[in-house]
$ cat data.cif   # mmCIF, C-alpha atoms
data_entry
loop_
_atom_site.label_atom_id
_atom_site.label_comp_id
_atom_site.auth_asym_id
_atom_site.auth_seq_id
_atom_site.Cartn_x
_atom_site.Cartn_y
_atom_site.Cartn_z
CA MET A 1 -107.34 20.31 -21.32
CA THR A 2 -107.68 20.75 -17.56
CA GLN A 3 -106.21 17.98 -15.43
CA THR A 4 -108.22 16.35 -12.69
CA LEU A 5 -107.10 17.30 -9.19
CA ARG A 6 -105.81 14.30 -7.29
CA THR A 7 -106.76 13.24 -3.79
CA PRO A 8 -104.19 12.83 -0.99
CA PRO A 9 -102.52 9.43 -0.48
CA HIS A 10 -103.94 7.08 2.13
CA THR A 11 -101.00 7.63 4.46
CA ALA A 12 -102.00 11.27 4.95
CA ALA A 13 -105.72 11.16 4.27
CA ALA A 14 -106.68 11.00 7.95
CA HIS A 15 -105.41 14.51 8.70
CA HIS A 16 -108.18 17.15 8.76
CA LYS A 17 -110.80 14.78 7.38
CA ARG A 18 -112.62 15.43 10.64
CA PRO A 19 -112.03 18.03 13.36
CA PHE A 20 -109.10 17.32 15.69
CA THR A 21 -108.23 13.96 14.12
CA ARG A 22 -105.23 13.50 16.44
CA ASP A 23 -107.25 14.38 19.56
CA PRO A 24 -110.95 13.51 19.09
CA GLY A 25 -111.79 14.45 22.67
CA GLN A 26 -110.78 18.03 21.96
CA TRP A 27 -113.69 18.42 19.52
CA GLU A 28 -116.25 17.60 22.19
CA LYS A 29 -114.56 19.96 24.62
CA GLU A 30 -114.37 22.86 22.16
CA SER A 31 -117.86 22.36 20.71
CA ASN A 32 -119.45 22.26 24.18
CA ARG A 33 -117.61 25.44 25.11
CA ALA A 34 -118.79 27.14 21.92
CA LEU A 35 -122.39 26.08 22.52
CA ARG A 36 -122.37 27.82 25.89
CA THR A 37 -121.91 31.17 24.15
CA GLY A 38 -124.04 30.50 21.04
CA HIS A 39 -126.71 28.26 19.59
CA VAL A 40 -126.93 25.77 16.76
CA ARG A 41 -128.37 27.34 13.65
CA ASP A 42 -131.74 25.88 12.65
CA SER A 43 -134.91 26.77 10.70
CA THR A 44 -136.01 29.24 13.37
CA CYS A 45 -132.92 31.41 12.94
CA SER A 46 -132.97 34.66 10.99
CA ALA A 47 -130.37 35.69 8.44
CA ALA A 48 -128.53 37.58 11.18
CA CYS A 49 -127.96 34.42 13.25
CA GLN A 50 -124.33 33.34 13.39
CA PRO A 51 -123.42 29.62 13.38
CA VAL A 52 -121.49 28.12 16.27
CA LEU A 53 -117.86 27.88 15.16
CA VAL A 54 -114.86 26.00 16.52
CA HIS A 55 -111.30 26.93 15.50
CA GLU A 56 -108.76 24.14 15.15
CA ARG A 57 -105.33 25.74 15.36
CA THR A 58 -102.42 24.27 13.41
CA ALA A 59 -98.75 25.09 12.88
CA TRP A 60 -99.61 26.88 9.63
CA GLY A 61 -103.01 28.47 10.40
CA TRP A 62 -106.41 27.14 11.37
CA LEU A 63 -109.54 25.31 10.23
CA THR A 64 -112.92 26.69 11.29
CA TRP A 65 -115.59 24.02 11.78
CA THR A 66 -119.35 24.56 12.12
CA VAL A 67 -121.03 22.62 14.94
CA PRO A 68 -123.87 20.58 13.31
CA GLY A 69 -127.25 20.48 15.00
CA ASP A 70 -127.58 16.68 14.76
CA GLY A 71 -124.45 15.96 16.81
CA THR A 72 -122.41 14.54 13.90
CA LEU A 73 -118.89 15.58 13.00
CA PRO A 74 -118.52 18.05 10.12
CA GLU A 75 -116.54 16.93 7.08
CA VAL A 76 -115.75 20.26 5.39
CA PRO A 77 -114.51 23.33 7.27
CA GLN A 78 -116.40 26.56 6.83
CA GLN A 79 -113.12 28.46 6.55
CA ILE A 80 -109.41 27.72 6.31
CA GLY A 81 -106.89 30.37 7.29
CA VAL A 82 -103.25 30.17 6.16
CA LEU A 83 -100.81 32.41 8.03
CA THR A 84 -97.85 34.06 6.39
CA PRO A 85 -94.69 31.91 6.31
CA ALA A 86 -92.54 35.04 6.68
CA SER A 87 -92.40 35.74 10.44
CA PRO A 88 -93.00 33.01 13.05
CA HIS A 89 -93.52 35.58 15.84
CA THR A 90 -96.10 37.54 13.84
CA ARG A 91 -97.72 34.25 12.82
CA ARG A 92 -98.18 33.17 16.44
CA LEU A 93 -99.66 36.52 17.48
CA ALA A 94 -102.07 36.62 14.52
CA LEU A 95 -103.14 33.01 15.16
CA ARG A 96 -103.99 33.66 18.81
CA TRP A 97 -105.79 36.92 18.07
CA LEU A 98 -107.86 35.85 15.05
CA THR A 99 -108.97 32.54 16.58
CA ARG A 100 -110.01 34.00 19.93
CA ARG A 101 -113.52 33.47 21.21
CA PRO A 102 -116.18 35.71 19.64
CA ALA A 103 -116.98 38.81 21.64
CA GLN A 104 -120.20 38.83 23.62
CA ARG A 105 -122.40 41.83 22.90
CA VAL A 106 -124.97 43.70 24.95
CA ALA A 107 -128.10 44.94 23.15
CA LEU A 108 -128.91 48.63 23.51
CA ASP A 109 -132.70 48.66 23.79
CA PRO A 110 -133.39 52.40 23.43
CA VAL A 111 -131.27 52.62 20.27
CA PRO A 112 -130.50 50.08 17.52
CA GLY A 113 -127.21 48.27 17.73
CA SER A 114 -125.16 46.55 20.40
CA LEU A 115 -122.05 47.07 22.49
CA ARG A 116 -119.25 44.69 23.32
CA PHE A 117 -119.61 43.26 26.80
CA SER A 118 -115.98 44.21 27.47
CA ALA A 119 -116.69 47.80 26.42
CA ALA A 120 -119.73 47.95 28.71
CA ALA A 121 -117.65 46.58 31.60
CA VAL A 122 -114.87 49.10 30.91
CA ALA A 123 -117.42 51.93 30.78
CA LEU A 124 -118.80 50.95 34.18
CA MET A 125 -115.36 50.69 35.75
CA THR A 126 -114.15 53.98 34.29
CA VAL A 127 -117.23 55.79 35.60
CA VAL A 128 -116.58 54.47 39.11
CA VAL A 129 -112.83 55.15 38.94
CA GLY A 130 -113.39 58.57 37.38
CA LEU A 131 -115.83 59.65 40.07
CA LEU A 132 -113.44 58.50 42.78
CA ALA A 133 -110.60 60.38 41.09
CA ILE A 134 -112.67 63.57 40.91
CA CYS A 135 -113.48 63.22 44.61
CA GLN A 136 -109.75 62.91 45.28
CA GLY A 137 -109.08 66.21 43.53
CA VAL A 138 -108.35 65.16 39.95
CA PRO A 139 -109.56 67.94 37.59
CA VAL A 140 -112.79 67.17 35.75
CA ASP A 141 -111.27 68.14 32.39
CA VAL A 142 -108.73 65.35 32.90
CA ALA A 143 -110.99 62.64 34.32
CA LEU A 144 -113.94 63.13 31.96
CA PRO A 145 -112.02 62.56 28.66
CA ALA A 146 -110.49 59.41 30.13
CA MET A 147 -113.94 58.16 31.17
CA LEU A 148 -115.19 58.63 27.60
CA LEU A 149 -112.09 57.38 25.78
CA ALA A 150 -111.65 54.04 27.55
CA PRO A 151 -115.02 52.51 26.47
CA LEU A 152 -114.49 53.75 22.90
CA LEU A 153 -111.11 52.06 22.75
CA ALA A 154 -112.56 48.83 24.15
CA GLU A 155 -115.28 48.90 21.46
CA TYR A 156 -113.32 49.89 18.36
CA LEU A 157 -109.71 48.87 19.01
CA PRO A 158 -110.33 45.10 18.51
CA GLY A 159 -111.68 45.81 15.03
CA ARG A 160 -108.55 47.75 14.11
CA LEU A 161 -106.38 44.95 15.46
CA ASP A 162 -108.42 42.44 13.42
CA ALA A 163 -107.70 44.42 10.26
CA ARG A 164 -104.00 44.57 11.10
CA ALA A 165 -103.80 40.83 11.78
CA ASP A 166 -105.73 40.07 8.57
CA GLU A 167 -102.76 41.41 6.62
CA HIS A 168 -100.82 38.30 7.65
CA VAL A 169 -103.41 35.66 6.77
CA ARG A 170 -105.23 34.34 3.70
CA LYS A 171 -108.77 33.18 4.48
CA VAL A 172 -110.50 30.79 2.10
CA GLU A 173 -114.24 30.13 2.15
CA GLY A 174 -116.69 28.42 -0.19
CA ASP A 175 -117.20 24.69 -0.49
CA GLY A 176 -115.10 24.06 -3.62
CA ALA A 177 -112.14 26.23 -2.58
CA VAL A 178 -112.16 24.92 0.98
CA ARG A 179 -112.24 21.28 -0.15
CA TYR A 180 -109.23 21.82 -2.37
CA LEU A 181 -107.21 23.67 0.28
CA GLN A 182 -108.22 21.00 2.79
CA ARG A 183 -106.42 18.42 0.63
CA LEU A 184 -103.27 20.52 0.48
CA ALA A 185 -103.43 21.16 4.22
CA THR A 186 -103.63 17.39 4.74
CA LEU A 187 -100.39 16.88 2.85
CA HIS A 188 -98.64 19.78 4.56
CA THR A 189 -99.63 18.52 8.01
CA SER A 190 -97.94 15.20 7.22
CA LEU A 191 -94.73 17.18 6.54
CA VAL A 192 -95.06 19.08 9.81
CA GLN A 193 -95.53 15.90 11.82
CA ALA A 194 -92.60 14.17 10.13
CA ALA A 195 -90.32 17.11 10.98
CA ALA A 196 -91.53 17.42 14.58
CA GLY A 197 -88.69 16.61 16.96
CA SER A 198 -86.23 16.03 14.11
CA ASP A 199 -83.00 17.93 13.52
CA ARG A 200 -82.72 16.97 9.85
CA TYR A 201 -82.42 19.98 7.59
CA GLU A 202 -84.25 18.23 4.74
CA LEU A 203 -87.39 17.76 6.85
CA ARG A 204 -87.41 21.31 8.19
CA ARG A 205 -86.84 22.69 4.71
CA SER A 206 -89.72 20.60 3.35
CA VAL A 207 -92.04 22.17 5.93
CA GLU A 208 -90.92 25.67 4.87
CA VAL A 209 -91.49 24.93 1.18
CA GLY A 210 -94.84 23.28 1.92
CA HIS A 211 -96.01 26.31 3.90
CA ASN A 212 -95.11 28.59 1.00
CA LEU A 213 -97.04 26.35 -1.41
CA LEU A 214 -100.05 26.42 0.92
CA TRP A 215 -99.81 30.22 1.19
CA ASP A 216 -99.67 30.61 -2.60
CA ALA A 217 -102.64 28.29 -3.10
CA ALA A 218 -104.69 30.16 -0.48
CA ASP A 219 -103.89 33.44 -2.22
CA MET A 220 -105.09 32.04 -5.55
CA LEU A 221 -108.28 30.62 -4.05
CA GLN A 222 -108.96 33.88 -2.24
CA THR A 223 -108.79 35.98 -5.39
CA HIS A 224 -109.92 33.47 -8.06
CA ASP A 225 -112.26 30.53 -8.41
CA THR A 226 -110.85 27.00 -8.64
CA LEU A 227 -111.49 26.78 -12.40
CA SER A 228 -109.61 29.92 -13.42
CA ALA A 229 -106.71 29.13 -11.06
CA SER A 230 -106.66 25.37 -11.75
CA GLU A 231 -103.34 25.33 -13.64
CA GLY A 232 -101.40 27.04 -10.85
CA LEU A 233 -103.19 25.01 -8.19
CA ILE A 234 -102.38 21.71 -9.90
CA THR A 235 -98.71 22.71 -10.14
CA ARG A 236 -98.57 23.42 -6.41
CA GLU A 237 -100.43 20.24 -5.55
CA ARG A 238 -97.96 18.22 -7.62
CA LEU A 239 -95.05 19.85 -5.80
CA MET A 240 -96.70 19.13 -2.45
CA PHE A 241 -97.08 15.46 -3.40
CA GLN A 242 -93.40 15.33 -4.34
CA LEU A 243 -92.45 16.83 -0.98
CA ALA A 244 -94.63 14.32 0.87
CA ASP A 245 -93.06 11.46 -1.07
CA GLN A 246 -89.51 12.67 -0.38
CA VAL A 247 -90.26 13.14 3.33
CA ALA A 248 -91.75 9.64 3.52
CA GLN A 249 -88.59 8.20 1.96
CA ILE A 250 -86.32 10.13 4.33
CA THR A 251 -88.37 9.06 7.36
CA GLU A 252 -88.37 5.42 6.26
CA ARG A 253 -84.63 5.44 5.56
CA THR A 254 -83.87 7.07 8.92
CA ALA A 255 -86.01 4.54 10.79
CA HIS A 256 -84.29 1.68 8.93
CA GLU A 257 -80.82 3.02 9.80
CA GLU A 258 -81.72 3.44 13.47
CA THR A 259 -83.14 -0.09 13.61
CA ALA A 260 -80.05 -1.53 11.95
CA ASP A 261 -77.74 0.31 14.36
CA ALA A 262 -79.75 -0.86 17.36
CA ASP A 263 -79.64 -4.52 16.28
CA GLN A 264 -75.84 -4.64 15.98
CA PRO A 265 -73.74 -5.43 19.10
CA VAL A 266 -71.31 -2.62 19.73
CA SER A 267 -68.06 -2.59 21.69
CA PRO A 268 -67.19 0.49 23.79
CA ALA A 269 -64.87 1.76 21.05
CA GLY A 270 -67.52 1.13 18.42
CA TYR A 271 -70.12 2.93 20.53
CA TRP A 272 -68.09 6.12 20.63
CA ALA A 273 -67.28 5.85 16.91
CA ARG A 274 -70.98 5.42 16.06
CA THR A 275 -71.90 8.34 18.31
CA GLY A 276 -69.37 10.52 16.52
CA ARG A 277 -70.70 9.49 13.11
CA SER A 278 -74.30 10.19 14.17
CA SER A 279 -73.37 13.63 15.48
CA ALA A 280 -71.49 14.38 12.27
CA ARG A 281 -74.49 13.29 10.15
CA ARG A 282 -76.83 15.52 12.16
CA HIS A 283 -74.40 18.44 11.88
CA LEU A 284 -74.08 18.07 8.11
CA ALA A 285 -77.84 17.62 7.68
CA ALA A 286 -78.51 20.82 9.61
CA ARG A 287 -76.27 22.88 7.34
CA PRO A 288 -77.96 24.51 4.36
CA THR A 289 -76.58 23.61 0.96
CA HIS A 290 -75.22 26.53 -1.06
CA HIS A 291 -75.44 26.35 -4.84
CA ARG A 292 -73.21 28.30 -7.12
#

$ encode --input "data.cif" --output "structure tokens"
Amino acid sequence: MTQTLRTPPHTAAAHHKRPFTRDPGQWEKESNRALRTGHVRDSTCSAACQPVLVHERTAWGWLTWTVPGDGTLPEVPQQIGVLTPASPHTRRLALRWLTRRPAQRVALDPVPGSLRFSAAAVALMTVVVGLLAICQGVPVDVALPAMLLAPLLAEYLPGRLDARADEHVRKVEGDGAVRYLQRLATLHTSLVQAAAGSDRYELRRSVEVGHNLLWDAADMLQTHDTLSASEGLITRERLMFQLADQVAQITERTAHEETADADQPVSPAGYWARTGRSSARRHLAARPTHHR
């Protein structure tokens, strides 16, 4: 019998329920910027029309939101991307590249198709530079290939880089799959925020485990539907809930200890003793535990 997937607890439910929940003004800024380069999809659009999209970047990937035509806030992302937990440097590069602004294209009226605006600009510049170089004595058999190669690279190289970056991300689309991953992302974001600015090993380790769970769930949802992958998804959701509960307990206990220490009057000798104990606790917490 298939278990019913649970919803996130109220303490974390605010994350990702709407775009940019921690900075609502950012949604208006990003949506207005996106509307300047696109248009809201309506009944007059053809099948080739692309919706106006806004990418909300996170520490683990991104959420892609569609800008509604009625001015309301969307509730379900169109796409959720989860970046690989393996390499932080590769993750940052892939995040910046894959969530860049969509390329503007120039229609080619005599022939079907279009050309990237950047490729058209490069073609114009290379023609001017190439002609000047030829006038300065550069051989034509050297300048001409460069004039032809530069626009081709500007047109086709971004697509190759997209394919390379896609190897480090799992993209999930479809209403059911996105809703489920949105719930897991909500829980994982609560772990990330609890660990932000903390030197406790338990919190940092929880974020690493949560990212791996999110990556595994995205891989399942990318290759299977939610029904066929429900058993594995429920297992990962249960583990994510356990992580969130443990992190909440650690955060509450740490806050209680800091409050208790602050309320007690301390002599100079006691101050230095407490400082030494706090440093020792942070040092021990930062050390990984080795199991035999």

$ atom_distance --input "data.cif" --atom1 "atom CA of Val82 of chain A" --atom2 "atom CA of Glu252 of chain A"
28.9 Å

$ resolve_selection --input "data.cif" --expression "the PyMOL selection byres ((chain A and resi 180) around 12)" --output "ChimeraX atom specification"
/A:4-8,76-77,79-80,172-179,181-187,214,217-218,220-221,225-227,229-230,233-234,236-237

$ closest_residue --input "data.cif" --among "A:Leu93, A:Pro19, A:Asn32, A:Leu124" --to "Leu73 of chain A" --atoms "only C-alpha atoms"
A:Pro19

$ atom_distance --input "data.cif" --atom1 "atom CA of Glu56 of chain A" --atom2 "atom CA of Thr21 of chain A"
10.2 Å

$ resolve_selection --input "data.cif" --expression "the PyMOL selection byres ((chain A and resi 157-170) around 9)" --output "CSV table (one decimal) with C-alpha atoms, in the frame of the given file"
chain,number,residue,atom,x,y,z
A,61,GLY,CA,-103.0,28.5,10.4
A,80,ILE,CA,-109.4,27.7,6.3
A,81,GLY,CA,-106.9,30.4,7.3
A,82,VAL,CA,-103.2,30.2,6.2
A,83,LEU,CA,-100.8,32.4,8.0
A,84,THR,CA,-97.8,34.1,6.4
A,85,PRO,CA,-94.7,31.9,6.3
A,86,ALA,CA,-92.5,35.0,6.7
A,90,THR,CA,-96.1,37.5,13.8
A,91,ARG,CA,-97.7,34.2,12.8
A,93,LEU,CA,-99.7,36.5,17.5
A,94,ALA,CA,-102.1,36.6,14.5
A,95,LEU,CA,-103.1,33.0,15.2
A,97,TRP,CA,-105.8,36.9,18.1
A,98,LEU,CA,-107.9,35.8,15.0
A,152,LEU,CA,-114.5,53.8,22.9
A,153,LEU,CA,-111.1,52.1,22.8
A,154,ALA,CA,-112.6,48.8,24.2
A,155,GLU,CA,-115.3,48.9,21.5
A,156,TYR,CA,-113.3,49.9,18.4
A,171,LYS,CA,-108.8,33.2,4.5
A,172,VAL,CA,-110.5,30.8,2.1
A,215,TRP,CA,-99.8,30.2,1.2
A,218,ALA,CA,-104.7,30.2,-0.5
A,219,ASP,CA,-103.9,33.4,-2.2
A,222,GLN,CA,-109.0,33.9,-2.2

$ closest_residue --input "data.cif" --among "A:Gln50, A:Gln246, A:Thr58, A:Thr72" --to "Thr189 of chain A" --atoms "only C-alpha atoms"
A:Thr58

$ atom_distance --input "data.cif" --atom1 "atom CA of Leu148 of chain A" --atom2 "atom CA of Thr99 of chain A"
29.0 Å

$ axis_aligned_box --input "data.cif" --around "segment 247-256 of chain A" --padding-each-side "3 Å" --output "JSON"
{"center_x": -87.8, "center_y": 7.4, "center_z": 6.4, "size_x": 13.9, "size_y": 17.5, "size_z": 14.8}

$ closest_residue --input "data.cif" --among "A:Ala123, A:Val67, A:Ala248, A:Leu149" --to "Leu191 of chain A" --atoms "all atoms listed in the file"
A:Ala248

$ closest_residue --input "data.cif" --among "A:Glu257, A:Ala59, A:Pro68, A:Gln78" --to "His211 of chain A" --atoms "all atoms listed in the file"
A:Ala59

$ resolve_selection --input "data.cif" --expression "the PyMOL selection byres ((chain A and resi 66) around 6)" --output "ChimeraX atom specification"
/A:52-53,65,67

$ write_last_selection --input "data.cif" --atoms "C-alpha atoms" --output "short mmCIF file (atom, residue, chain, number, x, y, z; two decimals), keeping the file's coordinate frame"
data_model
loop_
_atom_site.label_atom_id
_atom_site.label_comp_id
_atom_site.auth_asym_id
_atom_site.auth_seq_id
_atom_site.Cartn_x
_atom_site.Cartn_y
_atom_site.Cartn_z
CA VAL A 52 -121.49 28.12 16.27
CA LEU A 53 -117.86 27.88 15.16
CA TRP A 65 -115.59 24.02 11.78
CA VAL A 67 -121.03 22.62 14.94
#
